[in-house]
Each structure stands twice: as C-alpha cells, then as structure tokens.
file upload_20.pdb (PDB, C-alpha atoms)
ATOM      1  CA  MET A   1     -67.331 125.410  75.711
ATOM      2  CA  VAL A   2     -66.749 121.679  75.681
ATOM      3  CA  GLY A   3     -69.577 119.734  77.313
ATOM      4  CA  ARG A   4     -68.103 116.427  78.302
ATOM      5  CA  SER A   5     -68.062 114.591  81.556
ATOM      6  CA  TYR A   6     -65.743 111.818  82.723
ATOM      7  CA  ARG A   7     -66.560 109.091  85.186
ATOM      8  CA  ALA A   8     -63.522 108.450  87.343
ATOM      9  CA  ARG A   9     -62.630 104.820  88.057
ATOM     10  CA  ASN A  10     -59.828 103.474  90.150
ATOM     11  CA  CYS A  11     -58.274 106.551  91.688
ATOM     12  CA  ILE A  12     -54.846 106.488  93.263
ATOM     13  CA  LYS A  13     -53.622 109.076  95.727
ATOM     14  CA  TYR A  14     -50.715 111.247  94.604
ATOM     15  CA  LYS A  15     -47.387 110.368  96.180
ATOM     16  CA  SER A  16     -45.872 112.960  98.428
ATOM     17  CA  SER A  17     -42.679 114.714  97.523
ATOM     18  CA  LEU A  18     -40.573 117.407  99.164
ATOM     19  CA  LEU A  19     -42.748 120.243  97.873
ATOM     20  CA  VAL A  20     -45.456 119.118  95.434
ATOM     21  CA  PRO A  21     -47.120 115.659  95.327
ATOM     22  CA  TYR A  22     -47.046 113.793  91.996
ATOM     23  CA  PRO A  23     -49.508 111.478  90.195
ATOM     24  CA  VAL A  24     -48.840 107.746  89.935
ATOM     25  CA  LEU A  25     -50.453 104.795  88.148
ATOM     26  CA  LYS A  26     -50.659 101.295  89.534
ATOM     27  CA  ILE A  27     -49.365  98.716  87.088
ATOM     28  CA  LYS A  28     -48.656  94.994  87.116
ATOM     29  CA  LEU A  29     -46.056  93.704  84.678
ATOM     30  CA  TYR A  30     -45.298  90.345  83.095
ATOM     31  CA  ASN A  31     -42.339  89.351  80.960
ATOM     32  CA  ILE A  32     -42.668  87.617  77.627
ATOM     33  CA  LEU A  33     -42.613  84.196  79.333
ATOM     34  CA  GLY A  34     -45.734  85.180  81.280
ATOM     35  CA  GLU A  35     -43.879  85.477  84.592
ATOM     36  CA  GLU A  36     -45.174  88.195  86.884
ATOM     37  CA  PHE A  37     -42.790  90.943  87.983
ATOM     38  CA  PRO A  38     -42.402  90.452  91.741
ATOM     39  CA  GLU A  39     -43.727  93.909  92.644
ATOM     40  CA  GLU A  40     -46.955  95.714  91.813
ATOM     41  CA  LEU A  41     -45.627  99.095  90.804
ATOM     42  CA  GLU A  42     -46.909 102.592  91.438
ATOM     43  CA  ILE A  43     -45.104 104.532  88.777
ATOM     44  CA  PRO A  44     -44.943 108.332  88.416
ATOM     45  CA  VAL A  45     -46.749 109.837  85.438
ATOM     46  CA  ASP A  46     -44.369 111.908  83.293
ATOM     47  CA  THR A  47     -45.933 113.682  80.312
ATOM     48  CA  GLY A  48     -42.510 115.072  79.385
ATOM     49  CA  TYR A  49     -41.264 111.582  78.593
ATOM     50  CA  GLU A  50     -42.225 110.504  75.086
ATOM     51  CA  GLY A  51     -41.570 106.818  75.602
ATOM     52  CA  SER A  52     -43.636 104.014  77.054
ATOM     53  CA  LEU A  53     -42.516 102.718  80.446
ATOM     54  CA  MET A  54     -39.054 103.412  81.771
ATOM     55  CA  LEU A  55     -37.625 101.069  84.361
ATOM     56  CA  GLN A  56     -34.515 100.930  86.436
ATOM     57  CA  ARG A  57     -31.797  98.860  84.852
ATOM     58  CA  LYS A  58     -32.133  96.143  87.470
ATOM     59  CA  ASP A  59     -35.914  95.857  86.851
ATOM     60  CA  TYR A  60     -35.277  95.663  83.120
ATOM     61  CA  GLU A  61     -33.255  92.451  83.449
ATOM     62  CA  PHE A  62     -36.539  90.650  84.149
ATOM     63  CA  PHE A  63     -37.717  91.529  80.620
ATOM     64  CA  MET A  64     -34.557  90.766  78.646
ATOM     65  CA  MET A  65     -36.024  87.591  77.164
ATOM     66  CA  GLY A  66     -38.101  89.816  74.890
ATOM     67  CA  GLU A  67     -35.697  92.525  73.866
ATOM     68  CA  LEU A  68     -35.892  94.293  70.521
ATOM     69  CA  PRO A  69     -32.849  94.286  68.201
ATOM     70  CA  ARG A  70     -30.296  96.975  68.924
ATOM     71  CA  GLU A  71     -31.340  99.007  65.874
ATOM     72  CA  TYR A  72     -34.812  99.387  67.433
ATOM     73  CA  TRP A  73     -33.475 100.929  70.634
ATOM     74  CA  ARG A  74     -34.310 104.544  71.213
ATOM     75  CA  ILE A  75     -32.372 107.742  71.717
ATOM     76  CA  TYR A  76     -33.783 110.478  73.944
ATOM     77  CA  ARG A  77     -32.848 114.115  74.014
ATOM     78  CA  SER A  78     -32.768 115.391  77.582
ATOM     79  CA  PHE A  79     -31.179 118.102  79.713
ATOM     80  CA  ALA A  80     -28.430 115.642  80.488
ATOM     81  CA  GLY A  81     -27.720 115.087  76.771
ATOM     82  CA  ARG A  82     -28.538 112.062  74.624
ATOM     83  CA  ILE A  83     -29.642 108.938  76.407
ATOM     84  CA  VAL A  84     -29.731 105.534  74.706
ATOM     85  CA  MET A  85     -32.527 103.268  75.924
ATOM     86  CA  ARG A  86     -32.782  99.523  75.472
ATOM     87  CA  VAL A  87     -36.299  98.389  74.546
ATOM     88  CA  ALA A  88     -38.083  95.126  75.380
ATOM     89  CA  ARG A  89     -41.618  93.779  75.106
ATOM     90  CA  ALA A  90     -43.701  93.223  78.200
ATOM     91  CA  ILE A  91     -47.314  92.714  79.175
ATOM     92  CA  ALA A  92     -48.900  95.372  81.352
ATOM     93  CA  GLU A  93     -52.005  94.988  83.450
ATOM     94  CA  ILE A  94     -53.739  98.223  84.348
ATOM     95  CA  ASN A  95     -57.243  98.305  85.762
ATOM     96  CA  ASP A  96     -57.786  94.574  84.961
ATOM     97  CA  ARG A  97     -56.880  95.148  81.302
ATOM     98  CA  LYS A  98     -53.834  93.384  79.880
ATOM     99  CA  PHE A  99     -51.940  94.618  76.859
ATOM    100  CA  GLU A 100     -48.560  94.511  75.208
ATOM    101  CA  ILE A 101     -46.194  97.400  75.860
ATOM    102  CA  TYR A 102     -42.551  98.364  75.503
ATOM    103  CA  VAL A 103     -40.387  98.746  78.571
ATOM    104  CA  GLU A 104     -37.186 100.747  78.376
ATOM    105  CA  ALA A 105     -34.060 101.227  80.440
ATOM    106  CA  PRO A 106     -30.908 103.248  79.863
ATOM    107  CA  TYR A 107     -27.968 101.438  78.324
ATOM    108  CA  TYR A 108     -25.707 103.467  80.603
ATOM    109  CA  GLY A 109     -26.798 104.669  84.034
ATOM    110  CA  TYR A 110     -29.181 103.508  86.676
ATOM    111  CA  GLY A 111     -32.546 104.608  85.296
ATOM    112  CA  LYS A 112     -35.887 105.561  86.777
ATOM    113  CA  ARG A 113     -39.415 104.274  86.907
ATOM    114  CA  LEU A 114     -41.683 106.497  84.789
ATOM    115  CA  ILE A 115     -44.792 106.167  82.653
ATOM    116  CA  GLY A 116     -44.491 108.209  79.467
ATOM    117  CA  ARG A 117     -46.830 109.505  76.797
ATOM    118  CA  GLU A 118     -46.674 106.412  74.561
ATOM    119  CA  LEU A 119     -48.461 104.470  77.294
ATOM    120  CA  LEU A 120     -50.497 107.325  78.810
ATOM    121  CA  ASN A 121     -52.143 108.018  75.450
ATOM    122  CA  ARG A 122     -53.838 104.619  75.600
ATOM    123  CA  PHE A 123     -56.046 105.736  78.494
ATOM    124  CA  THR A 124     -58.325 108.500  79.622
ATOM    125  CA  LEU A 125     -56.571 109.810  82.649
ATOM    126  CA  VAL A 126     -57.866 112.425  85.066
ATOM    127  CA  LEU A 127     -55.285 114.303  87.088
ATOM    128  CA  ASP A 128     -57.373 115.717  89.893
ATOM    129  CA  GLY A 129     -54.892 118.034  91.528
ATOM    130  CA  LEU A 130     -57.363 119.440  94.046
ATOM    131  CA  ARG A 131     -58.161 115.995  95.425
ATOM    132  CA  GLN A 132     -54.603 114.858  94.748
ATOM    133  CA  GLU A 133     -55.821 111.784  92.903
ATOM    134  CA  CYS A 134     -54.867 110.223  89.579
ATOM    135  CA  CYS A 135     -57.892 108.398  88.111
ATOM    136  CA  LEU A 136     -58.495 106.184  85.129
ATOM    137  CA  ALA A 137     -61.719 107.445  83.593
ATOM    138  CA  GLU A 138     -64.463 106.697  81.083
ATOM    139  CA  ALA A 139     -65.629 109.444  78.783
TER
ATOM    140  CA  MET B 140      -4.486 112.169  66.691
ATOM    141  CA  THR B 141      -6.227 112.915  63.418
ATOM    142  CA  LEU B 142      -6.608 110.191  60.815
ATOM    143  CA  VAL B 143      -7.779 110.579  57.212
ATOM    144  CA  VAL B 144      -9.045 107.424  55.528
ATOM    145  CA  LYS B 145      -9.730 107.172  51.793
ATOM    146  CA  LYS B 146     -11.893 104.771  49.775
ATOM    147  CA  LEU B 147     -14.217 103.766  52.621
ATOM    148  CA  ASP B 148     -17.521 102.182  51.745
ATOM    149  CA  GLU B 149     -20.006 105.038  52.350
ATOM    150  CA  LYS B 150     -22.931 102.808  53.268
ATOM    151  CA  LYS B 151     -20.886 100.848  55.795
ATOM    152  CA  LEU B 152     -19.534 104.047  57.325
ATOM    153  CA  ARG B 153     -23.075 105.437  57.636
ATOM    154  CA  GLU B 154     -24.210 102.265  59.390
ATOM    155  CA  PHE B 155     -21.140 102.357  61.639
ATOM    156  CA  LYS B 156     -21.851 105.982  62.619
ATOM    157  CA  ALA B 157     -25.495 105.174  63.332
ATOM    158  CA  GLU B 158     -24.502 102.207  65.504
ATOM    159  CA  ALA B 159     -21.993 104.388  67.387
ATOM    160  CA  ILE B 160     -24.771 106.891  68.125
ATOM    161  CA  ARG B 161     -27.092 104.104  69.268
ATOM    162  CA  ARG B 162     -24.389 102.941  71.692
ATOM    163  CA  GLY B 163     -23.844 106.508  72.911
ATOM    164  CA  LEU B 164     -20.292 106.688  71.529
ATOM    165  CA  THR B 165     -18.496 109.277  69.442
ATOM    166  CA  LEU B 166     -17.137 108.081  66.113
ATOM    167  CA  SER B 167     -13.564 108.067  67.426
ATOM    168  CA  GLN B 168     -14.583 106.101  70.554
ATOM    169  CA  ALA B 169     -16.398 103.552  68.374
ATOM    170  CA  ILE B 170     -13.392 103.147  66.046
ATOM    171  CA  GLU B 171     -11.110 102.660  69.048
ATOM    172  CA  GLU B 172     -13.476 100.051  70.498
ATOM    173  CA  ALA B 173     -13.618  98.225  67.149
ATOM    174  CA  MET B 174      -9.811  98.282  66.882
ATOM    175  CA  GLU B 175      -9.453  96.860  70.383
ATOM    176  CA  LEU B 176     -11.862  94.030  69.569
ATOM    177  CA  TRP B 177     -10.098  93.249  66.291
ATOM    178  CA  LEU B 178      -6.673  93.236  67.914
ATOM    179  CA  SER B 179      -7.611  91.058  70.876
ATOM    180  CA  ASN B 180      -7.170  87.355  70.140
ATOM    181  CA  SER B 181     -10.129  86.125  72.139
ATOM    182  CA  VAL B 182     -13.271  88.110  71.565
ATOM    183  CA  LEU B 183     -15.929  87.164  74.068
ATOM    184  CA  LEU B 184     -19.363  88.142  72.875
ATOM    185  CA  SER B 185     -22.285  88.627  75.217
ATOM    186  CA  ASP B 186     -25.720  87.025  74.695
ATOM    187  CA  LEU B 187     -26.897  90.434  73.565
ATOM    188  CA  ASP B 188     -24.186  90.583  70.882
ATOM    189  CA  VAL B 189     -24.616  87.043  69.541
ATOM    190  CA  ASN B 190     -28.389  87.417  69.334
ATOM    191  CA  ASN B 191     -28.052  90.732  67.533
ATOM    192  CA  LEU B 192     -25.571  89.161  65.118
ATOM    193  CA  ALA B 193     -28.046  86.342  64.453
ATOM    194  CA  TYR B 194     -30.726  88.962  63.810
ATOM    195  CA  ILE B 195     -28.464  90.894  61.401
ATOM    196  CA  ARG B 196     -27.656  87.715  59.456
ATOM    197  CA  PHE B 197     -31.384  86.941  59.177
ATOM    198  CA  LYS B 198     -32.550  90.462  58.293
ATOM    199  CA  LYS B 199     -32.875  89.879  54.533
ATOM    200  CA  ASP B 200     -35.481  87.167  55.181
ATOM    201  CA  LEU B 201     -37.603  89.134  57.638
ATOM    202  CA  SER B 202     -40.189  90.278  55.086
ATOM    203  CA  LYS B 203     -41.475  86.672  54.815
ATOM    204  CA  TYR B 204     -42.693  86.872  58.394
ATOM    205  CA  LYS B 205     -44.758  90.057  58.349
ATOM    206  CA  GLY B 206     -47.131  90.268  61.312
ATOM    207  CA  ARG B 207     -45.371  87.449  63.188
ATOM    208  CA  TYR B 208     -42.990  87.459  66.116
ATOM    209  CA  VAL B 209     -39.502  86.363  65.104
ATOM    210  CA  VAL B 210     -37.299  85.068  67.909
ATOM    211  CA  PHE B 211     -33.505  84.885  68.227
ATOM    212  CA  ALA B 212     -31.804  83.243  71.195
ATOM    213  CA  LEU B 213     -28.566  81.346  71.863
ATOM    214  CA  GLY B 214     -27.128  83.092  68.809
ATOM    215  CA  LYS B 215     -29.606  81.627  66.291
ATOM    216  CA  PHE B 216     -33.031  82.058  64.744
ATOM    217  CA  ILE B 217     -35.515  80.088  66.861
ATOM    218  CA  GLY B 218     -38.669  80.572  64.817
ATOM    219  CA  ALA B 219     -41.577  82.797  63.829
ATOM    220  CA  PHE B 220     -44.778  82.734  65.871
ATOM    221  CA  GLU B 221     -48.319  84.033  65.549
ATOM    222  CA  SER B 222     -48.726  84.846  69.233
ATOM    223  CA  LEU B 223     -46.759  85.701  72.352
ATOM    224  CA  GLU B 224     -47.907  82.383  73.860
ATOM    225  CA  GLY B 225     -46.089  80.603  71.033
ATOM    226  CA  VAL B 226     -42.986  82.705  71.688
ATOM    227  CA  ALA B 227     -43.095  81.917  75.420
ATOM    228  CA  LYS B 228     -43.492  78.183  74.774
ATOM    229  CA  ALA B 229     -40.555  78.088  72.369
ATOM    230  CA  LEU B 230     -38.304  80.040  74.721
ATOM    231  CA  ARG B 231     -39.231  77.876  77.718
ATOM    232  CA  GLU B 232     -38.273  74.732  75.806
ATOM    233  CA  LEU B 233     -34.753  75.945  74.972
ATOM    234  CA  ARG B 234     -31.820  74.260  76.724
ATOM    235  CA  PRO B 235     -29.708  75.754  78.168
ATOM    236  CA  ARG B 236     -32.309  78.293  79.187
ATOM    237  CA  PRO B 237     -31.190  81.616  77.698
ATOM    238  CA  LYS B 238     -30.946  84.813  79.720
ATOM    239  CA  HIS B 239     -31.487  87.009  76.700
ATOM    240  CA  ALA B 240     -33.599  86.780  73.558
ATOM    241  CA  ILE B 241     -34.640  89.070  70.750
ATOM    242  CA  VAL B 242     -38.332  89.174  69.910
ATOM    243  CA  LEU B 243     -39.390  91.365  67.007
ATOM    244  CA  LYS B 244     -42.892  91.687  65.603
ATOM    245  CA  VAL B 245     -42.172  92.168  61.931
ATOM    246  CA  GLY B 246     -43.868  95.206  60.429
ATOM    247  CA  TYR B 247     -45.274  96.288  63.783
ATOM    248  CA  ASP B 248     -42.212  97.355  65.765
ATOM    249  CA  LYS B 249     -41.024 100.670  64.423
ATOM    250  CA  LYS B 250     -37.437 101.746  64.047
ATOM    251  CA  ILE B 251     -37.205 105.337  65.262
ATOM    252  CA  GLU B 252     -34.662 107.323  63.312
ATOM    253  CA  GLY B 253     -34.741 110.635  65.207
ATOM    254  CA  GLU B 254     -34.384 111.559  68.853
ATOM    255  CA  LEU B 255     -37.341 111.324  71.199
ATOM    256  CA  GLU B 256     -38.081 113.825  73.948
ATOM    257  CA  TRP B 257     -37.529 113.511  77.605
ATOM    258  CA  TRP B 258     -37.928 117.000  78.999
ATOM    259  CA  GLY B 259     -35.849 117.466  82.063
ATOM    260  CA  GLY B 260     -34.640 113.899  82.007
ATOM    261  CA  ALA B 261     -31.618 112.975  84.038
ATOM    262  CA  ILE B 262     -30.408 109.551  85.032
ATOM    263  CA  GLU B 263     -28.281 108.758  88.023
ATOM    264  CA  LEU B 264     -25.100 106.976  87.053
ATOM    265  CA  GLU B 265     -25.020 105.044  90.311
ATOM    266  CA  THR B 266     -27.612 103.540  92.588
ATOM    267  CA  ALA B 267     -28.952 106.232  94.942
TER
END

call {"tool": "encode", "arguments": {"input": "upload_20.pdb", "output": "structure tokens"}}
result
Amino acid sequence: MVGRSYRARNCIKYKSSLLVPYPVLKIKLYNILGEEFPEELEIPVDTGYEGSLMLQRKDYEFFMMGELPREYWRIYRSFAGRIVMRVARAIAEINDRKFEIYVEAPYYGYGKRLIGRELLNRFTLVLDGLRQECCLAEA
Amino acid sequence: MTLVVKKLDEKKLREFKAEAIRRGLTLSQAIEEAMELWLSNSVLLSDLDVNNLAYIRFKKDLSKYKGRYVVFALGKFIGAFESLEGVAKALRELRPRPKHAIVLKVGYDKKIEGELEWWGGAIELETA
C-alpha cells in the first residue's frame, strides 16, 4: 500500500456537461511580448491529449509573435485522422507560478481549448470526482 | 493521372514529402500546389512563409546559438537573445510592427518526428 497524502490547494469546481461534469484548470496566459491574454481561462483537462495547451485558432493569433518554425509543428493521430498543429511559445500563470509553455492550434479547423499531458505532468493534480473538484496539490 | 519521374534528388524528395505531411497534404496535392505557385507570375508569400524561409536560410548557423532564443521576423534574422525579455524588447522595437515572428530556443525546442496522441480528438471545421 502506498502511504502518501496530498494537501489540496486551489480547487476549482468541475464544469457541468450534458451527462458527466469535467475537470478544468484556471490559467492566465501571456504572449512573448508580455501582453496578457484578455481572458482568464478555465480549460478542460484532457489526459488523452499528449500536447501542451491547445487553443482555438482565433486565440492562437495572440501568440503568433512567438511561433516555432514549421518543421517544429506537431502531428497528432486522432479518431478524425492526422491533425497538424501549429506551435508557439507563451507564458502561463497557474497558481501564482509563471512558466514558459507551448500553445498549439490546428493548422486547419477551428480547434478547442484543452490542457494536455505535456503541461499536466508539471503539476500534482488531484481529480476529486466525489467532490467534483480539480485541485492543485502538494505531496 | 499517374506520373513517373526519374533522377530526382532523394534527399530533397524526402524533405518535400515530410513538409507535405506537416501541411496535412498528400504528395500529389503538394506537387500540384508547388506547380501552381511556380506557374503563377506573382507569388505572394505570407509573413509565416517569409519568416520560415529566413529560418531555413539561417539553419546552418544555428549551432552557434545553442541555449539562446533566435528570432526571425519581417523575413530576416533579427538576433539571438539570452532571455524572453530580450526577445520581447527586440520585437517591440521593430518597424513596421510584425504580426508574426519565429522564436526558437536552440537545442531546447525539440523536433518531433513521429505522431503524437490525441485519443478521441476531433476538431470542428467551422465555428460552432
């Protein structure tokens, strides 16, 4: 048996959906010029997405001053086939901690807002389904 | 139609195929697109294209800047910087102010050769 306890900090209520609520993380974003993205985002947590932070194409335009060269863009395998994602640098602020991340958006199509494993693996996250809360935690 | 081409440079063809995949095109679609561009008299390149061309031209010199951010905007190499603050300052000073720039941290940003996972991923083609 693993004896480990986590102290939950900064919990956010799950967002409601048609059938089952889903966890979200609150995140503030800045582009490479240091300009703040006009919205504080509550973005769904998606452990099935291997990337960092996916945005809608319109959101992504705010970060295009820090895009990576085309050969650094990413290709995802999904149910809908292969999806090419543009990649740019951004600064994320989560729980008063700022760090550099990649943001992504599809080259074709509208896109979605999702937090993927590349970013999730930088935190200890507690998905408390019974309380319907997503919490950043300390081990 | 089917076309057989002899004596193509293998390396160039490999790069062309890889670029087609990155753009989400089949090889035949990419060749058609390239032919259209070549045949049209006035090729208008986007900021994205000119900055990527500047990056490609500069690629052989990248190793000198390991650990630094190299910046390309307005179709040229702007400089190499130790920090993102330096990058931001340089970009803010550019006139006309660009809408697009390439910022690569040499040796840190990784080129991913394979396909990443997005289980169940689907993207709407139009705004909902």

call {"tool": "interface_residues", "arguments": {"input": "upload_20.pdb", "of": "chain B", "to": "chain A", "cutoff": "9 Å", "atoms": "all atoms listed in the file", "output": "PyMOL selection string"}}
result
chain B and resi 157-158+160-163+187+190-191+194-195+210+212+223-224+226-228+230-231+237-244+248-267

call {"tool": "axis_aligned_box", "arguments": {"input": "upload_20.pdb", "around": "range 64-73 of chain A", "padding_each_side": "5 Å", "output": "AutoDock Vina command-line options"}}
result
--center_x -34.2 --center_y 94.3 --center_z 72.3 --size_x 17.8 --size_y 23.3 --size_z 22.8

call {"tool": "resolve_selection", "arguments": {"input": "upload_20.pdb", "expression": "the PyMOL selection byres ((chain A and resi 125) around 10)", "output": "list of chain:residue names"}}
result
A:Tyr6, A:Ala8, A:Arg9, A:Cys11, A:Leu25, A:Leu120, A:Asn121, A:Arg122, A:Phe123, A:Thr124, A:Val126, A:Leu127, A:Asp128, A:Cys134, A:Cys135, A:Leu136, A:Ala137, A:Glu138, A:Ala139

call {"tool": "atom_distance", "arguments": {"input": "upload_20.pdb", "atom1": "CA of Glu39 in chain A", "atom2": "CA of Leu18 in chain A"}}
result
24.6 Å

call {"tool": "atom_distance", "arguments": {"input": "upload_20.pdb", "atom1": "CA of Arg113 in chain A", "atom2": "CA of Ile43 in chain A"}}
result
6.0 Å

call {"tool": "atom_distance", "arguments": {"input": "upload_20.pdb", "atom1": "CA of Val45 in chain A", "atom2": "CA of Lys13 in chain A"}}
result
12.4 Å

call {"tool": "resolve_selection", "arguments": {"input": "upload_20.pdb", "expression": "the PyMOL selection byres ((chain B and resi 221) around 6)", "output": "list in words"}}
result
Arg207, Phe220 and Ser222 of chain B
